[in-house]
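Report on the structure given below.
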Amino acid sequence: MAGRGWGSDQGEDAAIGVSERSLFAPLPLPSPLLPDPGQAPLQADVAASVPVAETGRIVRVRRQISLTSLPRLRHSVNTAASLELDRGVAFLLVPVCLAIGAIGYFSLTAEPDFARPVAVVILTGICALVSRSWPKTHLCFMAALLCALGLLAAKVETWRAGTQMLGSEISTQVTGRVVSLDRMETGRIRLTIDVTSTARPKLRYAPERVRLSARKIPADVTAGSLITGYAKLLPPTGPVRPDSYDFSFDSYFAGIGGSGFFLGNPKLVVNDDGDMPLPARISSSVENAREGIADHIRASVGGAEGEIAAALIVGVRAGIPDEINEAMRRTGIYHIISISGLHMALVAGTIMGLLRGAFALFPDFSARRPVKKYAAAAALFSIAAYLIISGVVVAAERSFIMLAVMLIAVLFDRAALTMRNLAISAIAVIVVSPHEVVGPSFQMSFAATAALVGAYAGWADHRAGKARPPPPKRSVPGFLTRKFLLAATGLAMTSIIAGSATTLFAIWHFQRVSPLSLFANLAVMPIVTVVMFLAVASALLMPFGLDWPALYLMGKGLTMMIAISGWISERSPVDGVGLISQQSVLLVAIALVIATMATTWLRLAALPFALAGLLTVSDTRTPDVLISEDARLVALPIGGGELAVSRERPNEFTVDNWKRALTSETIVVPEVFDNSDGQFDVADAVDLPLGSPFYCSSGVCVARHMSGAIIAYVEDRKDAWKACGFAELIVINDATAYDACHNPLVLVITKRQLARKGSAAVFFDRQSATTPATISFAVDSPYRPWHTQRKYSREARGLAPFKKPEKPAANPQPPQ
């Protein structure tokens, strides 16, 4: 009874579901290169004017070019734009406009007061209300209103956060309540503490929450415990180089006002008479449950596999060894560790699959009840519990919103996987946490999801327009082989699409790529799918004490995953790719928005933006010298993939970031010469060959850049004059220092400047030796709220480090 149409729609290859685009009649859009149907006389005239000898493709191309005109192109654009509006593209652009407003706020050079964004919102709102009779003008004012609302939302979030940041390094007695604790891979314990009091000295502007590490803590310390100990507190640090990740920005919106470490082991305060508020009590209970589950998983699985299993189930990943983290980053599978959309989707899919399979055992009940909605409701409850038990981190919170919107759409008989639902989740995230828009997590996750949804919609439209015969009958091996190939192809295309959409964002934020990520994901994702299924099973069986088989198999799967990632990482080329231009990322983002949201031929407008973005990737200049914000480290590339540094034991995190930014592979530490041996004198710096590392003598370290410029690093300001005669750049690690050279061709940077303006990048003029070097700092002034604390440190005020007074001798001798 099934004819050709039945076989094409209901075969195993048929796309099941209704596309939102099919709700609108497919209007025939006139191509800008082809005539309208009503233009037959013009077509005849043109055909008659073509010489008889000209035939074939040349005639057709000339005919199309001759029929192309600006009025026809304008008409085609207007028709396509009208259809895009009918299909709801205006709503899809709502989060884009909100994000533009939020990014605009965080890009301002000075903090605006509330009156300005409120006035802009009111003004654009009135203009949008008045212009309702003019559709195009109304759309423009609505876009401006949404951008203004995004800016206002960011301003409100900044005011609401109001984190009290520590201004200067200090040691004090800290007493506070434990919010969370993480056991690090090094054996130390990192505690997040809500500070209740400080003493010796008592801080007048104490931060409300700090993050401290300790070698050892009392065994009965849990979340909610009150502890005390003498600790060294440090203010939040800024970017390690200009245009890099700002840690003080993240700390401000996370509510962390300072960090540091206990100088001894903290003690538990037994007489805790304070009553915990209800939110803190609930949070402590959840945190203790997380830690208890994590300890149970570690004890059952053991080793690095236990740490990864704890990260997948409860989001505790501080104990994963660094070499495994680095291997997964190099192979592009580190997203497996961070609880995000992948994990939420696997949990929801597992719950829905199990419940629908269970309902299928009762056909009478399934025929009368909407069992799909029951399964969706159970999946929604499951991912909500998963979000809470995983610690409500930002990535998991965003993924929960996205998946919850899709599951709620199923409950209300709507298509689950659409760009509209993605837009709703993006709006929710931007309204709740506008600062996430400028972070890599938001940008990469939404770029990947939008690209996948857009590609799926385009593929569905392509398949819907083709009639397919019923699939031929196949043997069981042939059927299984075909399914395997389809699954592998789908996984490969998913990895390619998501990777292509996020590559430039990853390079901009991390200066690294994973060349073998496609092969790593193809090899690991089947294992991860089974591992997450076992994780869900272990979570369901854990209350009954029957989770050990699932955890055992989960550990074996993670062993395979670690081995595969390590093997591929050893064969992966260097992943550091250096800096790229900001405009290239912006252009590619515009191209991605157009390509994923447009449904007509207007999506071709994404091509020039994408091409311009790719052509301007290298349109940026690499710094010649990088200087840390504490003035303790200077680095410069000296050729051959080597990075010369000014200290024998540089900060590892800073150096790793600089190596990726400057595309260097190894570091070269300075060589120190004794003043008495006469082997090297600072005056010999003019004779150093190009690309010389740092040589230290007489309190001065000198190096020579590939351009010929000489860089000097000085610890004491009294030695700075020694380098004035030959150095183009002098860095003085002394807050009391001043420019002792008084030479406009010599750039002198002091510790006070770096303390106030953050890390620095220096650029030499390679065309002219008489042009002074230029410098770019990471922090602009006037300060934004997350940088205000910088002006209160001793270094920023030009003061020497605080020194404790020496204790008098036990038996002082009387004066003679």
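Identifiers for the structure tokens are assigned positionally: chains receive A, B, ... in sequence, residues are indexed from 1 per chain, and ligands are indexed from 1 in the order shown.
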Out of region 533-574 of chain A, which residues get helix (DSSP H, G or I) from DSSP, as a PyMOL selection string? chain A and resi 533-544+548-570
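Shell of Val528 (chain A) at 9 Å, with only C-alpha atoms counted and residues fewer than 6 places along the chain excluded, is A:Ile336, A:Gly557, A:Leu558, A:Met561.
Remark: for Arg660 (chain A), the closest of the candidate residues A:Arg621, A:Ile732, A:Phe510, A:Ala563 is A:Phe510 (distances computed over only C-alpha atoms).
Residue neighbourhood of Ala404 (chain A), excluding near-sequence residues (fewer than 2 positions): Met344, Ala348, Ala376, Ala377, Ala379, Leu380, Phe381, Ile383, Ala384, Arg398, Ser399, Phe400, Ile401, Met402, Met406, Leu407, Ile408, Ala409, Val410, Ala416, Asn421 and Ser425 of chain A, at 10 Å, using only C-alpha atoms.
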Okay, now the selection with N, CA and C atoms, as a short mmCIF file (atom, residue, chain, number, x, y, z; two decimals), in the first residue's frame?
```cif
data_model
loop_
_atom_site.label_atom_id
_atom_site.label_comp_id
_atom_site.auth_asym_id
_atom_site.auth_seq_id
_atom_site.Cartn_x
_atom_site.Cartn_y
_atom_site.Cartn_z
N MET A 344 25.52 16.88 29.71
CA MET A 344 24.09 17.08 29.94
C MET A 344 23.26 16.32 28.91
N ALA A 348 20.69 13.30 29.72
CA ALA A 348 19.29 13.40 29.31
C ALA A 348 18.93 12.30 28.33
N ALA A 376 10.76 13.07 28.90
CA ALA A 376 11.38 14.39 28.85
C ALA A 376 11.35 15.06 30.21
N ALA A 377 10.24 14.92 30.94
CA ALA A 377 10.16 15.51 32.28
C ALA A 377 11.16 14.86 33.22
N ALA A 379 13.98 13.45 32.31
CA ALA A 379 15.30 13.90 31.88
C ALA A 379 15.57 15.31 32.37
N LEU A 380 14.56 16.17 32.35
CA LEU A 380 14.72 17.53 32.86
C LEU A 380 15.05 17.52 34.34
N PHE A 381 14.36 16.70 35.11
CA PHE A 381 14.66 16.58 36.54
C PHE A 381 16.06 16.03 36.75
N ILE A 383 18.80 16.27 34.74
CA ILE A 383 19.88 17.22 34.47
C ILE A 383 19.87 18.36 35.49
N ALA A 384 18.70 18.67 36.07
CA ALA A 384 18.67 19.66 37.14
C ALA A 384 19.44 19.14 38.36
N ARG A 398 25.05 27.03 31.85
CA ARG A 398 24.65 27.42 30.50
C ARG A 398 24.12 26.22 29.71
N SER A 399 24.78 25.08 29.84
CA SER A 399 24.33 23.89 29.13
C SER A 399 22.98 23.42 29.64
N PHE A 400 22.76 23.56 30.94
CA PHE A 400 21.46 23.18 31.49
C PHE A 400 20.35 24.06 30.91
N ILE A 401 20.59 25.35 30.81
CA ILE A 401 19.57 26.24 30.25
C ILE A 401 19.25 25.85 28.82
N MET A 402 20.28 25.59 28.03
CA MET A 402 20.07 25.22 26.63
C MET A 402 19.27 23.93 26.52
N MET A 406 15.09 22.94 25.38
CA MET A 406 14.73 21.92 24.39
C MET A 406 13.79 20.88 24.98
N LEU A 407 14.02 20.47 26.21
CA LEU A 407 13.13 19.49 26.84
C LEU A 407 11.75 20.08 27.12
N ILE A 408 11.72 21.34 27.52
CA ILE A 408 10.41 21.99 27.73
C ILE A 408 9.67 22.11 26.40
N ALA A 409 10.43 22.32 25.32
CA ALA A 409 9.79 22.36 24.00
C ALA A 409 9.14 21.01 23.68
N VAL A 410 9.76 19.92 24.08
CA VAL A 410 9.15 18.61 23.88
C VAL A 410 7.87 18.48 24.69
N ALA A 416 12.37 20.31 19.16
CA ALA A 416 13.33 20.46 20.25
C ALA A 416 14.63 21.13 19.80
N ASN A 421 15.21 27.88 19.99
CA ASN A 421 15.49 27.44 21.36
C ASN A 421 16.90 27.81 21.80
N SER A 425 17.93 30.23 25.08
CA SER A 425 18.95 29.92 26.09
C SER A 425 20.03 30.99 26.12
#
```
Figure out the distance between CA of Arg756 (chain A) and CA of Ala709 (chain A), please, to one decimal in Å. 25.9 Å
Show which residues sit within 8 Å of region 286-303 of chain A, as a PyMOL selection string. Count only C-alpha atoms, and ignore same-chain residues fewer than 3 positions away. chain A and resi 179-180+222-223+282-283+306-307+309-310+314+316+388-391+548+551-552+555
Since we have the selection now, will you write its residues out, keeping N, CA and C atoms, as an mmCIF file, in the first residue's frame?
```cif
data_model
loop_
_atom_site.group_PDB
_atom_site.id
_atom_site.type_symbol
_atom_site.label_atom_id
_atom_site.label_comp_id
_atom_site.auth_asym_id
_atom_site.auth_seq_id
_atom_site.Cartn_x
_atom_site.Cartn_y
_atom_site.Cartn_z
ATOM 1 N N VAL A 179 33.515 27.347 52.213
ATOM 2 C CA VAL A 179 32.478 27.209 51.198
ATOM 3 C C VAL A 179 32.675 25.934 50.401
ATOM 4 N N SER A 180 33.908 25.671 50.017
ATOM 5 C CA SER A 180 34.231 24.447 49.271
ATOM 6 C C SER A 180 35.694 24.142 49.481
ATOM 7 N N THR A 222 34.828 20.291 56.925
ATOM 8 C CA THR A 222 33.953 20.113 55.778
ATOM 9 C C THR A 222 33.388 21.469 55.367
ATOM 10 N N ALA A 223 32.648 21.500 54.284
ATOM 11 C CA ALA A 223 31.981 22.737 53.889
ATOM 12 C C ALA A 223 31.025 23.164 54.996
ATOM 13 N N ILE A 282 22.212 25.200 52.926
ATOM 14 C CA ILE A 282 21.892 24.335 51.782
ATOM 15 C C ILE A 282 23.125 24.126 50.908
ATOM 16 N N SER A 283 23.858 25.205 50.669
ATOM 17 C CA SER A 283 25.064 25.105 49.853
ATOM 18 C C SER A 283 26.093 24.188 50.492
ATOM 19 N N GLY A 306 40.059 7.485 38.712
ATOM 20 C CA GLY A 306 39.125 7.897 39.751
ATOM 21 C C GLY A 306 38.923 9.393 39.785
ATOM 22 N N GLU A 307 39.999 10.146 39.563
ATOM 23 C CA GLU A 307 39.871 11.608 39.531
ATOM 24 C C GLU A 307 39.013 12.054 38.348
ATOM 25 N N ALA A 309 36.738 10.211 36.808
ATOM 26 C CA ALA A 309 35.368 9.770 37.070
ATOM 27 C C ALA A 309 34.666 10.734 38.025
ATOM 28 N N ALA A 310 35.386 11.202 39.044
ATOM 29 C CA ALA A 310 34.801 12.189 39.961
ATOM 30 C C ALA A 310 34.496 13.491 39.240
ATOM 31 N N VAL A 314 30.609 14.505 39.510
ATOM 32 C CA VAL A 314 30.304 15.591 40.452
ATOM 33 C C VAL A 314 31.085 16.865 40.159
ATOM 34 N N VAL A 316 34.323 17.536 40.244
ATOM 35 C CA VAL A 316 35.523 17.793 41.043
ATOM 36 C C VAL A 316 36.725 17.334 40.220
ATOM 37 N N ILE A 388 23.051 20.588 40.021
ATOM 38 C CA ILE A 388 23.260 20.925 41.434
ATOM 39 C C ILE A 388 24.423 20.143 42.014
ATOM 40 N N ILE A 389 24.487 18.852 41.724
ATOM 41 C CA ILE A 389 25.513 18.010 42.333
ATOM 42 C C ILE A 389 26.879 18.276 41.717
ATOM 43 N N SER A 390 26.909 18.875 40.516
ATOM 44 C CA SER A 390 28.187 19.174 39.868
ATOM 45 C C SER A 390 28.739 20.528 40.280
ATOM 46 N N GLY A 391 28.046 21.239 41.160
ATOM 47 C CA GLY A 391 28.573 22.484 41.682
ATOM 48 C C GLY A 391 28.082 23.740 41.014
ATOM 49 N N TRP A 548 29.318 -0.674 42.246
ATOM 50 C CA TRP A 548 30.694 -1.063 41.985
ATOM 51 C C TRP A 548 30.922 -1.671 40.602
ATOM 52 N N LEU A 551 31.126 1.364 38.221
ATOM 53 C CA LEU A 551 32.340 2.145 38.435
ATOM 54 C C LEU A 551 33.572 1.389 37.954
ATOM 55 N N TYR A 552 33.580 0.079 38.119
ATOM 56 C CA TYR A 552 34.717 -0.717 37.648
ATOM 57 C C TYR A 552 34.849 -0.628 36.131
ATOM 58 N N GLY A 555 35.997 2.817 35.072
ATOM 59 C CA GLY A 555 37.441 2.982 35.212
ATOM 60 C C GLY A 555 38.205 2.363 34.053
#
```
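Residues lying within 12 Å of Gly88 (chain A), counting only C-alpha atoms and ignoring same-chain neighbours fewer than 3 positions away, are A:Glu20, A:Arg21, A:Leu23, A:Phe24, A:Ala81, A:Ser82, A:Leu83, A:Glu84, A:Leu85, A:Phe91, A:Leu92, A:Leu93, A:Val94, A:Thr418, A:Met419, A:Arg420, A:Asn421, A:Ala423, A:Met597, A:Ala598, A:Thr599.
In this structure, CA of Ala457 (chain A) sits 18.9 Å away from CA of Ala345 (chain A).
Picture a line from CA of Pro608 (chain A) to CA of Ile590 (chain A); it runs 10.2 Å.
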Within 7 Å of Glu208 (chain A), counting only C-alpha atoms, which residues show up once you throw out same-chain ones fewer than 2 positions away? Write them as a compact mmCIF listing (two decimals) with all heavy atoms, in the first residue's frame, please.
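Contents of part-v2.txt, as written:
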```txt
# COMPACT_ATOMS: atom_id res chain seq x y z
N GLN A 164 34.55 43.26 46.90
CA GLN A 164 35.62 43.99 47.59
C GLN A 164 36.93 43.27 47.31
O GLN A 164 37.16 42.16 47.78
CB GLN A 164 35.34 44.03 49.09
CG GLN A 164 36.40 44.75 49.90
CD GLN A 164 36.43 46.24 49.62
OE1 GLN A 164 35.39 46.88 49.57
NE2 GLN A 164 37.61 46.80 49.42
N ASP A 194 34.52 32.10 53.15
CA ASP A 194 33.83 33.36 53.41
C ASP A 194 34.42 33.96 54.69
O ASP A 194 34.27 33.39 55.78
CB ASP A 194 32.32 33.12 53.58
CG ASP A 194 31.62 32.95 52.24
OD1 ASP A 194 32.19 33.36 51.22
OD2 ASP A 194 30.52 32.38 52.22
N VAL A 195 35.08 35.09 54.55
CA VAL A 195 35.81 35.68 55.67
C VAL A 195 34.82 36.31 56.65
O VAL A 195 33.95 37.09 56.27
CB VAL A 195 36.80 36.75 55.16
CG1 VAL A 195 37.53 37.40 56.31
CG2 VAL A 195 37.78 36.12 54.18
N ALA A 206 38.56 44.29 54.27
CA ALA A 206 38.79 42.85 54.06
C ALA A 206 37.86 42.32 52.98
O ALA A 206 36.68 42.68 52.91
CB ALA A 206 38.56 42.09 55.37
N VAL A 210 37.69 34.63 49.96
CA VAL A 210 39.06 34.42 49.49
C VAL A 210 39.25 32.94 49.15
O VAL A 210 38.44 32.09 49.55
CB VAL A 210 40.11 34.85 50.55
CG1 VAL A 210 40.02 36.34 50.80
CG2 VAL A 210 39.92 34.07 51.84
N GLY A 257 37.73 37.98 46.36
CA GLY A 257 38.45 39.23 46.56
C GLY A 257 39.93 39.08 46.78
O GLY A 257 40.65 40.09 46.84
```
If you run DSSP on the backbone, which residues of region 558-749 of chain A are strand (DSSP E), as a VMD selection string? chain A and resid 625 to 627 634 to 639 642 to 645 666 to 668 671 to 672 692 to 697 700 to 704 710 to 714 729 to 732 747 to 749
Put those residues in a file: C-alpha atoms, as a PDB file, in the first residue's frame.
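This is the output file out-v8.pdb:
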```pdb
ATOM      1  CA  VAL A 625      59.430  41.956  24.540  1.00  0.00           C
ATOM      2  CA  LEU A 626      56.942  40.881  27.205  1.00  0.00           C
ATOM      3  CA  ILE A 627      57.125  42.073  30.829  1.00  0.00           C
ATOM      4  CA  VAL A 634      61.169  39.810  31.086  1.00  0.00           C
ATOM      5  CA  ALA A 635      61.134  37.636  27.966  1.00  0.00           C
ATOM      6  CA  LEU A 636      62.009  38.074  24.313  1.00  0.00           C
ATOM      7  CA  PRO A 637      62.200  35.669  21.348  1.00  0.00           C
ATOM      8  CA  ILE A 638      65.773  35.162  20.112  1.00  0.00           C
ATOM      9  CA  GLY A 639      65.089  32.980  17.082  1.00  0.00           C
ATOM     10  CA  GLU A 642      63.769  29.951  21.768  1.00  0.00           C
ATOM     11  CA  LEU A 643      62.483  32.388  24.374  1.00  0.00           C
ATOM     12  CA  ALA A 644      65.053  34.153  26.554  1.00  0.00           C
ATOM     13  CA  VAL A 645      63.901  34.948  30.101  1.00  0.00           C
ATOM     14  CA  THR A 666      61.975  26.234  24.623  1.00  0.00           C
ATOM     15  CA  ILE A 667      63.168  28.787  27.161  1.00  0.00           C
ATOM     16  CA  VAL A 668      66.724  29.977  27.721  1.00  0.00           C
ATOM     17  CA  GLU A 671      73.824  33.115  32.476  1.00  0.00           C
ATOM     18  CA  VAL A 672      75.313  34.802  35.561  1.00  0.00           C
ATOM     19  CA  SER A 692      71.626  36.764  22.535  1.00  0.00           C
ATOM     20  CA  PRO A 693      69.946  35.584  25.774  1.00  0.00           C
ATOM     21  CA  PHE A 694      70.327  37.356  29.093  1.00  0.00           C
ATOM     22  CA  TYR A 695      73.815  37.719  30.566  1.00  0.00           C
ATOM     23  CA  CYS A 696      73.969  39.034  34.126  1.00  0.00           C
ATOM     24  CA  SER A 697      76.835  40.885  35.776  1.00  0.00           C
ATOM     25  CA  VAL A 700      72.385  44.150  35.458  1.00  0.00           C
ATOM     26  CA  CYS A 701      71.090  41.513  33.019  1.00  0.00           C
ATOM     27  CA  VAL A 702      71.353  42.364  29.309  1.00  0.00           C
ATOM     28  CA  ALA A 703      70.055  40.630  26.177  1.00  0.00           C
ATOM     29  CA  ARG A 704      69.960  41.540  22.499  1.00  0.00           C
ATOM     30  CA  ILE A 710      69.486  45.803  23.726  1.00  0.00           C
ATOM     31  CA  ILE A 711      67.264  45.045  26.735  1.00  0.00           C
ATOM     32  CA  ALA A 712      68.475  45.537  30.294  1.00  0.00           C
ATOM     33  CA  TYR A 713      66.890  44.136  33.454  1.00  0.00           C
ATOM     34  CA  VAL A 714      67.847  45.727  36.782  1.00  0.00           C
ATOM     35  CA  LEU A 729      64.813  49.243  26.994  1.00  0.00           C
ATOM     36  CA  ILE A 730      65.475  49.159  30.743  1.00  0.00           C
ATOM     37  CA  VAL A 731      63.159  47.318  33.156  1.00  0.00           C
ATOM     38  CA  ILE A 732      63.695  48.148  36.833  1.00  0.00           C
ATOM     39  CA  LEU A 747      62.449  53.418  27.296  1.00  0.00           C
ATOM     40  CA  VAL A 748      62.551  52.955  31.094  1.00  0.00           C
ATOM     41  CA  ILE A 749      59.818  50.881  32.743  1.00  0.00           C
TER      42      ILE A 749
END
```
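Around Glu715 (chain A), within 7 Å and counting only C-alpha atoms, the residues found are A:Gly699, A:Ile732, A:Asn733, A:Asp734, once anything fewer than 5 positions away on its own chain is removed.
Checking A:Val270, A:Pro201, A:Leu491, A:Pro242 one by one against Ile227 (chain A), counting only C-alpha atoms, you find the shortest gap at A:Val270.
Among A:Ile430, A:Val221, A:Ala327, A:Ala450, the residue with the shortest atom-to-atom distance to Leu152 (chain A), counting only C-alpha atoms, is A:Ile430.
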Proximity to Ser768 (chain A) - best of A:Leu745, A:Ala385, A:Leu342, A:Ala375, only C-alpha atoms: A:Leu745
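Residue nearest Gly319 (chain A), chosen from A:Ser251, A:Ala360, A:Arg183, A:His435 and counting only C-alpha atoms: A:Arg183.
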